[in-house]
Every structure is written in structure tokens, then in C-alpha cells.
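Participant: File name input-v3.cif; file contents mmCIF, N, CA and C atoms and all ligand atoms; chains and numbers go by the auth columns; full text below.
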data_structure
#
loop_
_atom_site.group_PDB
_atom_site.id
_atom_site.type_symbol
_atom_site.label_atom_id
_atom_site.label_comp_id
_atom_site.label_asym_id
_atom_site.label_seq_id
_atom_site.Cartn_x
_atom_site.Cartn_y
_atom_site.Cartn_z
_atom_site.B_iso_or_equiv
_atom_site.auth_seq_id
_atom_site.auth_asym_id
ATOM 1 N N MET A 1 87.596 144.387 85.891 0.00 500 V
ATOM 2 C CA MET A 1 86.157 144.597 85.990 0.00 500 V
ATOM 3 C C MET A 1 85.443 143.296 85.641 0.00 500 V
ATOM 4 N N GLN A 2 84.472 142.944 86.421 0.00 501 V
ATOM 5 C CA GLN A 2 83.763 141.691 86.229 0.00 501 V
ATOM 6 C C GLN A 2 82.451 141.881 85.471 0.00 501 V
ATOM 7 N N CYS A 3 81.591 142.757 85.956 0.00 502 V
ATOM 8 C CA CYS A 3 80.240 142.848 85.392 0.00 502 V
ATOM 9 C C CYS A 3 80.122 143.921 84.312 0.00 502 V
ATOM 10 N N MET A 4 81.069 144.809 84.214 0.00 503 V
ATOM 11 C CA MET A 4 81.050 145.887 83.226 0.00 503 V
ATOM 12 C C MET A 4 79.897 146.862 83.448 0.00 503 V
ATOM 13 N N MET A 5 79.255 146.826 84.609 0.00 504 V
ATOM 14 C CA MET A 5 78.117 147.710 84.862 0.00 504 V
ATOM 15 C C MET A 5 78.377 148.668 86.017 0.00 504 V
ATOM 16 N N LYS A 6 79.506 148.580 86.646 0.00 505 V
ATOM 17 C CA LYS A 6 79.921 149.478 87.717 0.00 505 V
ATOM 18 C C LYS A 6 78.984 149.451 88.924 0.00 505 V
ATOM 19 N N ALA A 7 79.472 148.824 89.974 0.00 506 V
ATOM 20 C CA ALA A 7 78.782 148.762 91.270 0.00 506 V
ATOM 21 C C ALA A 7 77.508 147.940 91.231 0.00 506 V
ATOM 22 N N ILE A 8 77.487 146.886 90.439 0.00 507 V
ATOM 23 C CA ILE A 8 76.319 146.016 90.358 0.00 507 V
ATOM 24 C C ILE A 8 76.615 144.652 90.978 0.00 507 V
ATOM 25 N N CYS A 9 77.680 143.987 90.572 0.00 508 V
ATOM 26 C CA CYS A 9 77.890 142.591 90.982 0.00 508 V
ATOM 27 C C CYS A 9 78.684 142.447 92.282 0.00 508 V
ATOM 28 N N ALA A 10 79.486 143.420 92.624 0.00 509 V
ATOM 29 C CA ALA A 10 80.312 143.435 93.840 0.00 509 V
ATOM 30 C C ALA A 10 81.456 142.422 93.801 0.00 509 V
ATOM 31 N N GLN A 11 81.765 141.860 92.641 0.00 510 V
ATOM 32 C CA GLN A 11 82.914 140.959 92.553 0.00 510 V
ATOM 33 C C GLN A 11 84.231 141.718 92.626 0.00 510 V
ATOM 34 N N CYS A 12 84.176 143.020 92.515 0.00 511 V
ATOM 35 C CA CYS A 12 85.395 143.822 92.527 0.00 511 V
ATOM 36 C C CYS A 12 85.587 144.559 93.859 0.00 511 V
ATOM 37 N N LEU A 13 84.791 144.229 94.854 0.00 512 V
ATOM 38 C CA LEU A 13 84.894 144.944 96.129 0.00 512 V
ATOM 39 C C LEU A 13 86.313 144.858 96.688 0.00 512 V
ATOM 40 N N GLN A 14 86.835 145.986 97.109 0.00 513 V
ATOM 41 C CA GLN A 14 88.181 146.051 97.657 0.00 513 V
ATOM 42 C C GLN A 14 88.136 146.649 99.053 0.00 513 V
ATOM 43 N N ARG A 15 88.762 145.945 99.990 0.00 514 V
ATOM 44 C CA ARG A 15 88.837 146.433 101.371 0.00 514 V
ATOM 45 C C ARG A 15 90.018 147.383 101.513 0.00 514 V
ATOM 46 N N HIS A 16 89.789 148.509 102.157 0.00 515 V
ATOM 47 C CA HIS A 16 90.841 149.466 102.487 0.00 515 V
ATOM 48 C C HIS A 16 90.925 149.591 104.005 0.00 515 V
ATOM 49 N N VAL A 17 92.138 149.751 104.501 0.00 516 V
ATOM 50 C CA VAL A 17 92.346 150.018 105.921 0.00 516 V
ATOM 51 C C VAL A 17 93.237 151.255 106.021 0.00 516 V
ATOM 52 N N ASP A 18 92.728 152.279 106.679 0.00 517 V
ATOM 53 C CA ASP A 18 93.508 153.508 106.866 0.00 517 V
ATOM 54 C C ASP A 18 94.695 153.200 107.777 0.00 517 V
ATOM 55 N N PRO A 19 95.946 153.430 107.309 0.00 518 V
ATOM 56 C CA PRO A 19 97.117 153.071 108.117 0.00 518 V
ATOM 57 C C PRO A 19 97.258 153.906 109.390 0.00 518 V
ATOM 58 N N VAL A 20 96.625 155.060 109.453 0.00 519 V
ATOM 59 C CA VAL A 20 96.736 155.918 110.643 0.00 519 V
ATOM 60 C C VAL A 20 95.647 155.595 111.661 0.00 519 V
ATOM 61 N N THR A 21 94.406 155.571 111.193 0.00 520 V
ATOM 62 C CA THR A 21 93.285 155.388 112.125 0.00 520 V
ATOM 63 C C THR A 21 92.847 153.933 112.245 0.00 520 V
ATOM 64 N N GLY A 22 93.196 153.102 111.253 0.00 521 V
ATOM 65 C CA GLY A 22 92.735 151.713 111.259 0.00 521 V
ATOM 66 C C GLY A 22 91.305 151.550 110.777 0.00 521 V
ATOM 67 N N ASP A 23 90.706 152.638 110.319 0.00 522 V
ATOM 68 C CA ASP A 23 89.325 152.572 109.830 0.00 522 V
ATOM 69 C C ASP A 23 89.242 151.695 108.585 0.00 522 V
ATOM 70 N N GLU A 24 88.195 150.904 108.520 0.00 523 V
ATOM 71 C CA GLU A 24 87.975 149.985 107.401 0.00 523 V
ATOM 72 C C GLU A 24 86.907 150.562 106.470 0.00 523 V
ATOM 73 N N THR A 25 87.195 150.558 105.181 0.00 524 V
ATOM 74 C CA THR A 25 86.209 150.972 104.180 0.00 524 V
ATOM 75 C C THR A 25 86.277 149.999 103.005 0.00 524 V
ATOM 76 N N PHE A 26 85.220 150.007 102.198 0.00 525 V
ATOM 77 C CA PHE A 26 85.179 149.156 101.003 0.00 525 V
ATOM 78 C C PHE A 26 84.845 150.020 99.801 0.00 525 V
ATOM 79 N N VAL A 27 85.492 149.731 98.674 0.00 526 V
ATOM 80 C CA VAL A 27 85.228 150.466 97.450 0.00 526 V
ATOM 81 C C VAL A 27 84.989 149.465 96.320 0.00 526 V
ATOM 82 N N PHE A 28 84.253 149.890 95.315 0.00 527 V
ATOM 83 C CA PHE A 28 84.113 149.121 94.085 0.00 527 V
ATOM 84 C C PHE A 28 85.308 149.466 93.209 0.00 527 V
ATOM 85 N N SER A 29 86.171 148.501 92.942 0.00 528 V
ATOM 86 C CA SER A 29 87.364 148.763 92.139 0.00 528 V
ATOM 87 C C SER A 29 87.023 149.200 90.722 0.00 528 V
ATOM 88 N N CYS A 30 85.900 148.733 90.206 0.00 529 V
ATOM 89 C CA CYS A 30 85.533 149.095 88.834 0.00 529 V
ATOM 90 C C CYS A 30 85.164 150.566 88.717 0.00 529 V
ATOM 91 N N VAL A 31 84.758 151.163 89.803 0.00 530 V
ATOM 92 C CA VAL A 31 84.401 152.575 89.786 0.00 530 V
ATOM 93 C C VAL A 31 85.585 153.418 90.259 0.00 530 V
ATOM 94 N N ASN A 32 86.412 152.843 91.117 0.00 531 V
ATOM 95 C CA ASN A 32 87.517 153.562 91.748 0.00 531 V
ATOM 96 C C ASN A 32 88.826 152.837 91.434 0.00 531 V
ATOM 97 N N GLN A 33 89.347 153.031 90.218 0.00 532 V
ATOM 98 C CA GLN A 33 90.511 152.270 89.792 0.00 532 V
ATOM 99 C C GLN A 33 91.825 152.831 90.315 0.00 532 V
ATOM 100 N N ASP A 34 91.852 154.091 90.713 0.00 533 V
ATOM 101 C CA ASP A 34 93.058 154.681 91.290 0.00 533 V
ATOM 102 C C ASP A 34 92.919 154.673 92.806 0.00 533 V
ATOM 103 N N GLN A 35 93.536 153.664 93.448 0.00 534 V
ATOM 104 C CA GLN A 35 93.389 153.506 94.889 0.00 534 V
ATOM 105 C C GLN A 35 94.731 153.717 95.582 0.00 534 V
ATOM 106 N N PRO A 36 94.715 154.308 96.784 0.00 535 V
ATOM 107 C CA PRO A 36 95.962 154.504 97.524 0.00 535 V
ATOM 108 C C PRO A 36 96.537 153.154 97.964 0.00 535 V
ATOM 109 N N MET A 37 97.751 152.839 97.515 0.00 536 V
ATOM 110 C CA MET A 37 98.325 151.507 97.778 0.00 536 V
ATOM 111 C C MET A 37 98.538 151.226 99.258 0.00 536 V
ATOM 112 N N ASP A 38 98.781 152.287 100.035 0.00 537 V
ATOM 113 C CA ASP A 38 99.019 152.043 101.459 0.00 537 V
ATOM 114 C C ASP A 38 97.737 151.691 102.216 0.00 537 V
ATOM 115 N N GLN A 39 96.578 151.827 101.539 0.00 538 V
ATOM 116 C CA GLN A 39 95.311 151.489 102.191 0.00 538 V
ATOM 117 C C GLN A 39 94.728 150.173 101.686 0.00 538 V
ATOM 118 N N VAL A 40 95.218 149.688 100.559 0.00 539 V
ATOM 119 C CA VAL A 40 94.660 148.462 99.981 0.00 539 V
ATOM 120 C C VAL A 40 95.037 147.255 100.843 0.00 539 V
ATOM 121 N N ASP A 41 94.053 146.432 101.170 0.00 540 V
ATOM 122 C CA ASP A 41 94.294 145.186 101.918 0.00 540 V
ATOM 123 C C ASP A 41 94.596 144.096 100.882 0.00 540 V
ATOM 124 N N PHE A 42 95.881 143.839 100.637 0.00 541 V
ATOM 125 C CA PHE A 42 96.272 142.914 99.572 0.00 541 V
ATOM 126 C C PHE A 42 95.945 141.463 99.912 0.00 541 V
ATOM 127 N N ALA A 43 95.937 141.118 101.172 0.00 542 V
ATOM 128 C CA ALA A 43 95.538 139.754 101.550 0.00 542 V
ATOM 129 C C ALA A 43 94.070 139.532 101.192 0.00 542 V
ATOM 130 N N ASN A 44 93.243 140.541 101.459 0.00 543 V
ATOM 131 C CA ASN A 44 91.832 140.459 101.094 0.00 543 V
ATOM 132 C C ASN A 44 91.668 140.406 99.583 0.00 543 V
ATOM 133 N N LEU A 45 92.465 141.193 98.865 0.00 544 V
ATOM 134 C CA LEU A 45 92.420 141.182 97.400 0.00 544 V
ATOM 135 C C LEU A 45 92.765 139.789 96.868 0.00 544 V
ATOM 136 N N ASN A 46 93.803 139.180 97.406 0.00 545 V
ATOM 137 C CA ASN A 46 94.218 137.849 96.979 0.00 545 V
ATOM 138 C C ASN A 46 93.092 136.830 97.208 0.00 545 V
ATOM 139 N N SER A 47 92.459 136.899 98.351 0.00 546 V
ATOM 140 C CA SER A 47 91.364 135.970 98.657 0.00 546 V
ATOM 141 C C SER A 47 90.188 136.179 97.703 0.00 546 V
ATOM 142 N N ARG A 48 89.855 137.434 97.449 0.00 547 V
ATOM 143 C CA ARG A 48 88.730 137.724 96.546 0.00 547 V
ATOM 144 C C ARG A 48 89.015 137.207 95.143 0.00 547 V
ATOM 145 N N LEU A 49 90.235 137.419 94.654 0.00 548 V
ATOM 146 C CA LEU A 49 90.568 136.957 93.304 0.00 548 V
ATOM 147 C C LEU A 49 90.507 135.435 93.217 0.00 548 V
ATOM 148 N N LYS A 50 90.936 134.742 94.269 0.00 549 V
ATOM 149 C CA LYS A 50 90.843 133.279 94.271 0.00 549 V
ATOM 150 C C LYS A 50 89.380 132.837 94.265 0.00 549 V
ATOM 151 N N ALA A 51 88.534 133.515 95.033 0.00 550 V
ATOM 152 C CA ALA A 51 87.116 133.172 95.060 0.00 550 V
ATOM 153 C C ALA A 51 86.484 133.421 93.694 0.00 550 V
ATOM 154 N N ASN A 52 86.831 134.533 93.062 0.00 551 V
ATOM 155 C CA ASN A 52 86.309 134.814 91.723 0.00 551 V
ATOM 156 C C ASN A 52 86.765 133.750 90.733 0.00 551 V
ATOM 157 N N SER A 53 87.997 133.263 90.894 0.00 552 V
ATOM 158 C CA SER A 53 88.532 132.251 89.985 0.00 552 V
ATOM 159 C C SER A 53 87.712 130.968 90.047 0.00 552 V
ATOM 160 N N VAL A 54 87.257 130.605 91.228 0.00 553 V
ATOM 161 C CA VAL A 54 86.422 129.403 91.364 0.00 553 V
ATOM 162 C C VAL A 54 85.146 129.561 90.539 0.00 553 V
ATOM 163 N N MET A 55 84.483 130.701 90.673 0.00 554 V
ATOM 164 C CA MET A 55 83.241 130.917 89.925 0.00 554 V
ATOM 165 C C MET A 55 83.495 130.976 88.419 0.00 554 V
ATOM 166 N N GLU A 56 84.618 131.532 88.009 0.00 555 V
ATOM 167 C CA GLU A 56 84.941 131.579 86.579 0.00 555 V
ATOM 168 C C GLU A 56 85.142 130.176 86.024 0.00 555 V
ATOM 169 N N LYS A 57 85.791 129.302 86.799 0.00 556 V
ATOM 170 C CA LYS A 57 86.006 127.922 86.346 0.00 556 V
ATOM 171 C C LYS A 57 84.688 127.153 86.288 0.00 556 V
ATOM 172 N N ILE A 58 83.829 127.351 87.282 0.00 557 V
ATOM 173 C CA ILE A 58 82.526 126.673 87.277 0.00 557 V
ATOM 174 C C ILE A 58 81.695 127.146 86.087 0.00 557 V
ATOM 175 N N THR A 59 81.700 128.436 85.818 0.00 558 V
ATOM 176 C CA THR A 59 80.952 128.976 84.688 0.00 558 V
ATOM 177 C C THR A 59 81.474 128.408 83.372 0.00 558 V
ATOM 178 N N SER A 60 82.790 128.308 83.251 0.00 559 V
ATOM 179 C CA SER A 60 83.375 127.753 82.033 0.00 559 V
ATOM 180 C C SER A 60 82.966 126.293 81.842 0.00 559 V
ATOM 181 N N LEU A 61 82.989 125.506 82.909 0.00 560 V
ATOM 182 C CA LEU A 61 82.567 124.104 82.813 0.00 560 V
ATOM 183 C C LEU A 61 81.088 124.005 82.438 0.00 560 V
ATOM 184 N N TRP A 62 80.267 124.878 83.000 0.00 561 V
ATOM 185 C CA TRP A 62 78.835 124.882 82.699 0.00 561 V
ATOM 186 C C TRP A 62 78.599 125.219 81.224 0.00 561 V
ATOM 187 N N LEU A 63 79.316 126.198 80.713 0.00 562 V
ATOM 188 C CA LEU A 63 79.167 126.554 79.299 0.00 562 V
ATOM 189 C C LEU A 63 79.632 125.407 78.395 0.00 562 V
ATOM 190 N N ASP A 64 80.739 124.758 78.751 0.00 563 V
ATOM 191 C CA ASP A 64 81.202 123.598 77.969 0.00 563 V
ATOM 192 C C ASP A 64 80.136 122.514 77.942 0.00 563 V
ATOM 193 N N TYR A 65 79.507 122.264 79.091 0.00 564 V
ATOM 194 C CA TYR A 65 78.456 121.263 79.179 0.00 564 V
ATOM 195 C C TYR A 65 77.279 121.644 78.277 0.00 564 V
ATOM 196 N N LEU A 66 76.835 122.881 78.361 0.00 565 V
ATOM 197 C CA LEU A 66 75.677 123.318 77.569 0.00 565 V
ATOM 198 C C LEU A 66 75.963 123.234 76.075 0.00 565 V
ATOM 199 N N ILE A 67 77.130 123.682 75.673 0.00 566 V
ATOM 200 C CA ILE A 67 77.463 123.673 74.248 0.00 566 V
ATOM 201 C C ILE A 67 77.576 122.240 73.735 0.00 566 V
ATOM 202 N N GLU A 68 78.155 121.360 74.537 0.00 567 V
ATOM 203 C CA GLU A 68 78.285 119.970 74.119 0.00 567 V
ATOM 204 C C GLU A 68 76.922 119.291 74.044 0.00 567 V
ATOM 205 N N ARG A 69 76.040 119.602 74.986 0.00 568 V
ATOM 206 C CA ARG A 69 74.744 118.929 75.071 0.00 568 V
ATOM 207 C C ARG A 69 73.778 119.392 73.989 0.00 568 V
ATOM 208 N N TRP A 70 73.712 120.683 73.749 0.00 569 V
ATOM 209 C CA TRP A 70 72.695 121.193 72.841 0.00 569 V
ATOM 210 C C TRP A 70 73.205 121.544 71.445 0.00 569 V
ATOM 211 N N GLN A 71 74.459 121.522 71.230 0.00 570 V
ATOM 212 C CA GLN A 71 75.005 121.785 69.907 0.00 570 V
ATOM 213 C C GLN A 71 74.323 122.992 69.250 0.00 570 V
ATOM 214 N N PRO A 72 74.550 124.184 69.716 0.00 571 V
ATOM 215 C CA PRO A 72 73.888 125.356 69.134 0.00 571 V
ATOM 216 C C PRO A 72 74.201 125.486 67.634 0.00 571 V
ATOM 217 N N ALA A 73 73.200 125.973 66.907 0.00 572 V
ATOM 218 C CA ALA A 73 73.375 126.139 65.469 0.00 572 V
ATOM 219 C C ALA A 73 74.465 127.169 65.181 0.00 572 V
ATOM 220 N N ARG A 74 75.301 126.879 64.240 0.00 573 V
ATOM 221 C CA ARG A 74 76.357 127.813 63.837 0.00 573 V
ATOM 222 C C ARG A 74 75.775 128.810 62.860 0.00 573 V
ATOM 223 N N VAL A 75 76.168 130.064 63.033 0.00 574 V
ATOM 224 C CA VAL A 75 75.669 131.105 62.131 0.00 574 V
ATOM 225 C C VAL A 75 76.716 131.413 61.102 0.00 574 V
HETATM 226 S S1 LIG B . 82.781 144.770 88.441 0.00 601 V
HETATM 227 FE FE1 LIG B . 80.747 144.440 89.038 0.00 601 V
HETATM 228 S S2 LIG B . 80.496 145.817 90.633 0.00 601 V
HETATM 229 FE FE2 LIG B . 82.515 146.137 90.055 0.00 601 V
#
Could you write out this file's structure as C-alpha cells?
Ligand code: FES

Facilitator:
Amino acid sequence: MQCMMKAICAQCLQRHVDPVTGDETFVFSCVNQDQPMDQVDFANLNSRLKANSVMEKITSLWLDYLIERWQPARV
């Protein structure tokens, strides 16, 4: 779960493909954690996780920059 607010940020969107009909659907993984494995598009999942990783690294670098620059007061 990314945002902890369920269906808000869409970073957890998961593509499903019905193996019989080929129909495509999307679910919020944070709301729907029990998903049928034969419908999960794992290639799409892999791509989404890599994209999320980029944003996590950028956010971490930004926080390091802010903390180094402004030296927040320690409580
Ligand atoms: S984790 Fe944010 S919408 Fe699912």
C-alpha cells in the first residue's frame, strides 16, 4: 500500500486480464488484496513497481536535500 488511504493515489493499480474472455479490468490492490492469480498481469505489475521505485528514490533524495539544507530543530 502506498498512500494508506485506499483508492486515492492509484499507485497500487493492478491490471487484470480474464483468461477466458480477454476482458481487461483494473483494481486498487490496497482495497482488493486477494486477487485471482490467473488474472493478474504480472508484466504490468513489474512495470508499475519499477515506476513507483523511481518516485520513491526521487522523494528520498528530495528529503535528504531538505534536511541537509534547513537543519530542522531536533525535539
Ligand atoms: S495505495 Fe493509494 S490508492 Fe492504493

Participant: Can you list every residue of chain V that has an atom at most 10 Å from ligand LIG 601 (chain V), with its nearest atom pair and the distance in Å to one decimal, using only C-alpha atoms and all ligand atoms, ordered by chain then number, as a Markdown table?

Facilitator:
| residue | atom | partner | partner_atom | distance |
| --- | --- | --- | --- | --- |
| V:Met500 | CA | V:LIG601 | S1 | 4.2 |
| V:Gln501 | CA | V:LIG601 | S1 | 3.9 |
| V:Cys502 | CA | V:LIG601 | FE1 | 4.0 |
| V:Met503 | CA | V:LIG601 | S1 | 5.6 |
| V:Met504 | CA | V:LIG601 | FE1 | 5.9 |
| V:Lys505 | CA | V:LIG601 | S2 | 4.7 |
| V:Ala506 | CA | V:LIG601 | S2 | 3.5 |
| V:Ile507 | CA | V:LIG601 | S2 | 4.2 |
| V:Cys508 | CA | V:LIG601 | FE1 | 3.9 |
| V:Ala509 | CA | V:LIG601 | S2 | 4.0 |
| V:Gln510 | CA | V:LIG601 | FE1 | 5.4 |
| V:Cys511 | CA | V:LIG601 | FE2 | 4.4 |
| V:Leu512 | CA | V:LIG601 | FE2 | 6.6 |
| V:Gln513 | CA | V:LIG601 | FE2 | 9.5 |
| V:Val526 | CA | V:LIG601 | FE2 | 9.0 |
| V:Phe527 | CA | V:LIG601 | FE2 | 5.3 |
| V:Ser528 | CA | V:LIG601 | FE2 | 5.9 |
| V:Cys529 | CA | V:LIG601 | FE2 | 4.4 |
| V:Val530 | CA | V:LIG601 | FE2 | 6.7 |
| V:Asn531 | CA | V:LIG601 | FE2 | 9.1 |

Participant: Have a look at atom C of V:Pro518 and atom C of V:Pro535 and let me know their distance in Å, one decimal.

Facilitator: 11.5 Å

Participant: Which residue out of V:Trp561, V:Arg514, V:Glu555, V:Gly521 has the minimum interatomic distance to V:Val539 when all atoms listed in the file are used?

Facilitator: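 Closest to V:Val539 of all the choices is V:Arg514.
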
Participant: Would you translate the PyMOL selection byres (((chain V and resi 515) around 5) and not hetatm) into the concrete set of residues it matches in this file, as a list in words?

Facilitator: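 After applying the PyMOL selection byres (((chain V and resi 515) around 5) and not hetatm), what remains is Gln513, Arg514, Val516, Asp517, Glu523, Thr524, Phe525, Gln538, Val539 and Asp540 of chain V.
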
Participant: Between atom N of V:Asp522 and atom N of V:Leu548, what distance in Å does the model show, to one decimal?

Facilitator: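 Computing it gives 21.8 Å between the two atoms.
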
Participant: Show me, as JSON, the centre and edge lengths in Å to one decimal of the axis-aligned box that covers every listed atom of stretch 517-525 of chain V with 6 Å on each side.

Facilitator:
{"center_x": 91.1, "center_y": 152.5, "center_z": 106.0, "size_x": 24.4, "size_y": 18.8, "size_z": 24.4}
